[in-house]
>>> print(open('final.txt').read())   # compact mmCIF, C-alpha atoms
# COMPACT_ATOMS: atom_id res chain seq x y z
CA MET A 30 20.97 8.16 44.51
CA GLU A 31 21.53 7.78 40.79
CA TYR A 32 23.94 5.36 39.16
CA SER A 33 24.91 8.21 36.84
CA GLU A 34 26.49 9.96 39.84
CA ILE A 35 29.24 7.38 40.18
CA MET A 36 30.14 7.10 36.50
CA PRO A 37 31.88 10.52 36.24
CA ALA A 38 33.70 9.81 39.50
CA VAL A 39 35.10 6.58 38.05
CA TRP A 40 35.98 8.18 34.71
CA ASN A 41 37.86 10.92 36.57
CA ASN A 42 39.55 8.51 39.00
CA ASP A 43 37.99 10.35 41.94
CA ILE A 44 38.41 7.56 44.46
CA GLU A 45 37.20 9.67 47.40
CA LEU A 46 33.91 10.46 45.66
CA VAL A 47 33.52 6.82 44.64
CA LYS A 48 34.04 5.75 48.27
CA HIS A 49 31.52 8.35 49.43
CA LEU A 50 28.89 7.19 46.93
CA LEU A 51 29.44 3.56 47.90
CA ASP A 52 29.11 4.48 51.58
CA GLU A 53 25.82 6.20 50.71
CA GLY A 54 24.49 2.90 49.39
CA LEU A 55 25.12 3.03 45.67
CA HIS A 56 25.58 -0.46 44.23
CA PRO A 57 28.34 -0.60 41.62
CA THR A 58 28.29 -2.75 38.50
CA ASP A 59 31.02 -4.64 36.67
CA GLU A 60 31.13 -1.84 34.11
CA LEU A 61 32.90 0.37 36.64
CA LEU A 62 35.69 -2.19 37.04
CA HIS A 63 36.04 -2.33 33.26
CA ILE A 64 36.47 1.46 33.11
CA ALA A 65 38.97 1.61 35.98
CA SER A 66 41.02 -1.23 34.48
CA GLN A 67 40.98 0.24 31.00
CA HIS A 68 42.35 3.55 32.23
CA GLY A 69 44.93 2.06 34.57
CA TYR A 70 43.37 3.41 37.76
CA LEU A 71 45.18 1.12 40.18
CA GLU A 72 43.69 2.12 43.53
CA LEU A 73 40.20 2.41 42.09
CA THR A 74 40.58 -1.04 40.54
CA ARG A 75 41.56 -2.44 43.94
CA LEU A 76 38.57 -0.78 45.60
CA LEU A 77 36.10 -2.04 43.00
CA ILE A 78 37.46 -5.60 43.20
CA GLN A 79 36.95 -5.47 46.96
CA VAL A 80 33.40 -4.13 46.64
CA LEU A 81 32.25 -6.18 43.65
CA GLY A 82 33.91 -9.45 44.62
CA PRO A 83 35.55 -12.12 42.49
CA GLY A 84 32.59 -12.56 40.15
CA SER A 85 33.40 -9.27 38.46
CA LEU A 86 36.95 -10.23 37.54
CA ASN A 87 35.97 -12.28 34.50
CA SER A 88 32.89 -10.33 33.47
CA PHE A 89 32.52 -9.29 29.84
CA ASP A 90 31.69 -5.83 28.58
CA GLU A 91 29.47 -5.11 25.57
CA ILE A 92 32.26 -6.08 23.16
CA HIS A 93 33.19 -9.23 25.08
CA ARG A 94 36.31 -7.98 26.87
CA THR A 95 37.27 -8.59 30.50
CA PRO A 96 38.86 -6.06 32.85
CA LEU A 97 42.17 -7.88 32.31
CA THR A 98 41.88 -7.54 28.54
CA LEU A 99 41.17 -3.83 28.86
CA ALA A 100 44.12 -3.30 31.21
CA ALA A 101 46.36 -5.26 28.82
CA LEU A 102 45.25 -3.20 25.83
CA GLY A 103 46.23 -0.08 27.76
CA GLY A 104 49.57 -1.53 28.83
CA HIS A 105 48.71 -1.20 32.53
CA LEU A 106 50.90 -3.96 34.00
CA ASP A 107 50.24 -2.89 37.59
CA VAL A 108 46.48 -3.21 37.10
CA MET A 109 46.93 -6.52 35.27
CA LYS A 110 48.90 -7.88 38.22
CA VAL A 111 46.24 -6.77 40.72
CA LEU A 112 43.50 -8.41 38.63
CA LEU A 113 45.46 -11.66 38.30
CA ASP A 114 46.38 -11.69 41.99
CA ALA A 115 42.68 -11.28 42.81
CA GLY A 116 41.81 -14.32 40.68
CA ALA A 117 41.16 -13.09 37.14
CA ASN A 118 41.38 -15.87 34.57
CA ILE A 119 44.26 -15.02 32.26
CA ASN A 120 42.65 -17.06 29.47
CA ALA A 121 39.08 -15.82 29.89
CA HIS A 122 37.27 -15.26 26.63
CA ASP A 123 33.60 -15.13 25.76
CA THR A 124 33.14 -18.54 24.18
CA GLU A 125 29.45 -17.86 23.52
CA HIS A 126 30.38 -14.95 21.28
CA THR A 127 33.76 -16.35 20.17
CA GLY A 128 35.67 -13.65 21.95
CA GLU A 129 39.42 -13.27 22.25
CA THR A 130 41.79 -13.77 25.16
CA ALA A 131 43.72 -10.78 26.47
CA LEU A 132 46.84 -12.13 24.72
CA ALA A 133 45.18 -12.39 21.30
CA GLU A 134 43.61 -8.93 21.67
CA VAL A 135 46.93 -7.28 22.53
CA ILE A 136 48.75 -8.97 19.66
CA GLN A 137 46.09 -7.99 17.17
CA CYS A 138 44.92 -4.59 18.40
CA VAL A 139 48.01 -2.81 19.73
CA PRO A 140 50.28 -2.04 16.77
CA GLU A 141 53.44 -1.22 18.70
CA GLY A 142 54.97 -0.87 22.13
CA ASN A 143 53.38 -3.96 23.63
CA LEU A 144 56.16 -6.55 23.79
CA HIS A 145 56.30 -6.12 27.58
CA VAL A 146 52.55 -6.80 27.86
CA VAL A 147 52.76 -9.92 25.68
CA ALA A 148 55.74 -11.17 27.73
CA PHE A 149 53.89 -10.49 31.00
CA LEU A 150 50.80 -12.39 29.85
CA LEU A 151 52.79 -15.36 28.57
CA GLU A 152 54.91 -15.56 31.72
CA ALA A 153 51.73 -15.43 33.81
CA GLY A 154 50.29 -18.44 31.96
CA ALA A 155 48.41 -17.10 28.94
CA ASP A 156 47.72 -19.87 26.43
CA PRO A 157 48.50 -18.74 22.85
CA THR A 158 46.78 -21.80 21.37
CA ILE A 159 43.21 -20.94 22.42
CA LEU A 160 40.85 -20.51 19.50
CA GLY A 161 39.13 -17.16 19.28
CA TRP A 162 37.25 -15.19 16.66
CA MET A 163 37.25 -16.90 13.26
CA GLN A 164 38.87 -19.92 14.98
CA LEU A 165 42.23 -18.12 15.06
CA THR A 166 44.79 -18.32 17.87
CA ALA A 167 47.16 -15.75 19.35
CA CYS A 168 49.94 -17.74 17.65
CA TYR A 169 48.36 -17.20 14.26
CA ARG A 170 47.73 -13.53 14.99
CA ALA A 171 51.41 -13.09 15.92
CA GLU A 172 52.45 -14.75 12.65
CA VAL A 173 50.21 -12.46 10.60
CA ARG A 174 51.43 -9.43 12.53
CA ALA A 175 55.09 -10.34 11.88
CA MET A 176 54.37 -10.94 8.21
CA ASN A 177 52.49 -7.65 7.75
CA ASN A 178 54.76 -5.58 10.00
CA PRO A 179 58.31 -6.84 9.67
CA ASP A 180 59.54 -4.63 12.51
CA THR A 181 61.75 -5.97 15.27
CA GLU A 182 59.02 -5.92 17.92
CA SER A 183 56.58 -7.99 15.84
CA LYS A 184 59.30 -10.57 15.19
CA GLU A 185 60.18 -10.69 18.89
CA ILE A 186 56.52 -11.16 19.78
CA LEU A 187 56.25 -14.03 17.30
CA GLU A 188 59.37 -15.71 18.74
CA LEU A 189 58.06 -15.31 22.27
CA VAL A 190 54.61 -16.66 21.42
CA ARG A 191 56.10 -19.65 19.62
CA LYS A 192 58.35 -20.37 22.60
CA TYR A 193 55.43 -20.40 25.03
CA ALA A 194 53.02 -22.20 22.69
CA GLY A 195 55.00 -25.39 23.26
CA ARG A 196 53.71 -25.52 26.84
CA PHE A 197 50.17 -26.17 25.66
CA GLU A 198 48.35 -28.83 23.72
CA PRO A 199 46.81 -27.37 20.55
CA LYS A 200 43.09 -26.75 21.01
>>> encode(input="final.txt", output="structure tokens")
Amino acid sequence: MEYSEIMPAVWNNDIELVKHLLDEGLHPTDELLHIASQHGYLELTRLLIQVLGPGSLNSFDEIHRTPLTLAALGGHLDVMKVLLDAGANINAHDTEHTGETALAEVIQCVPEGNLHVVAFLLEAGADPTILGWMQLTACYRAEVRAMNNPDTESKEILELVRKYAGRFEPK
């Protein structure tokens, strides 16, 4: 059985085929959890967490993102909750490669429509003071975003991040 057989099944959210291939003895990799999380495939994410175990929750893909980060970038709150409930580290970031936390990635990479994701992450314990790429924090990224995009959402994100930053000691 080829690994390439399961990849299209995951991409297409074909949970029955994925279950069949797993029953046939195919061994999944963390990459499959990254794909399911990124696309918001809730039931498939649950299945892959069960099969892969907790070690996969904080695994990094080729650009140093976790399944939680990918779900956050897609705005998939239900998948984010499942990942966190299973034990994903909300502040995971690839320190070896100076990666970003899910919070910093969402603030920087999603230009609009993500206030609810930022709020969810902060309420769940995301630390906006963690240093990431170029030694910048999510707080700084929110400030730059609000300065460059003076829309209401960017200002609300900045206010929210500042409010929650007080819970943490600066890194």
>>> residues_around(input="final.txt", residues="stretch 40-51 of chain A", least_positions_apart="4", cutoff="7 Å", atoms="only C-alpha atoms", output="ChimeraX atom specification")
/A:35-36,55-56,64,70,73
>>> atom_distance(input="final.txt", atom1="atom CA of A:Arg170", atom2="atom CA of A:Pro96")
21.3 Å
>>> residues_around(input="final.txt", residues="A:Gly82", least_positions_apart="5", cutoff="12 Å", atoms="all atoms listed in the file", output="list in words")
Pro57, Thr58, Asp59, Leu62, Thr74, Arg75, Leu76, Leu77, Asn87, Ser88, Leu112, Ala115, Gly116 and Ala117 of chain A
>>> closest_residue(input="final.txt", among="A:Gln79, A:Ser33, A:Thr181, A:Gln164", to="A:Thr124", atoms="all atoms listed in the file")
A:Gln164
>>> residues_around(input="final.txt", residues="A:Val108", least_positions_apart="2", cutoff="8 Å", atoms="all atoms listed in the file", output="list of chain:residue names")
A:Ser66, A:Gly69, A:Tyr70, A:Leu71, A:Thr74, A:Leu97, A:Ala100, A:His105, A:Leu106, A:Lys110, A:Val111, A:Leu112
>>> write_last_selection(input="final.txt", atoms="C-alpha atoms", output="PDB file, keeping the file's coordinate frame")
ATOM      1  CA  SER A  66      41.020  -1.230  34.480  1.00  0.00           C
ATOM      2  CA  GLY A  69      44.930   2.060  34.570  1.00  0.00           C
ATOM      3  CA  TYR A  70      43.370   3.410  37.760  1.00  0.00           C
ATOM      4  CA  LEU A  71      45.180   1.120  40.180  1.00  0.00           C
ATOM      5  CA  THR A  74      40.580  -1.040  40.540  1.00  0.00           C
ATOM      6  CA  LEU A  97      42.170  -7.880  32.310  1.00  0.00           C
ATOM      7  CA  ALA A 100      44.120  -3.300  31.210  1.00  0.00           C
ATOM      8  CA  HIS A 105      48.710  -1.200  32.530  1.00  0.00           C
ATOM      9  CA  LEU A 106      50.900  -3.960  34.000  1.00  0.00           C
ATOM     10  CA  LYS A 110      48.900  -7.880  38.220  1.00  0.00           C
ATOM     11  CA  VAL A 111      46.240  -6.770  40.720  1.00  0.00           C
ATOM     12  CA  LEU A 112      43.500  -8.410  38.630  1.00  0.00           C
TER      13      LEU A 112
END
>>> closest_residue(input="final.txt", among="A:Ile186, A:Ile78, A:Leu61, A:Ile119", to="A:Glu141", atoms="only C-alpha atoms")
A:Ile186
>>> atom_distance(input="final.txt", atom1="atom CA of A:Gly195", atom2="atom CA of A:Thr158")
9.2 Å
>>> atom_distance(input="final.txt", atom1="atom CA of A:Cys138", atom2="atom CA of A:Met176")
15.3 Å
>>> closest_residue(input="final.txt", among="A:Leu151, A:Asp156, A:Pro140, A:Thr95", to="A:Pro179", atoms="only C-alpha atoms")
A:Pro140
>>> closest_residue(input="final.txt", among="A:Leu189, A:Val147, A:Val80, A:Ala171", to="A:Gly103", atoms="all atoms listed in the file")
A:Val147
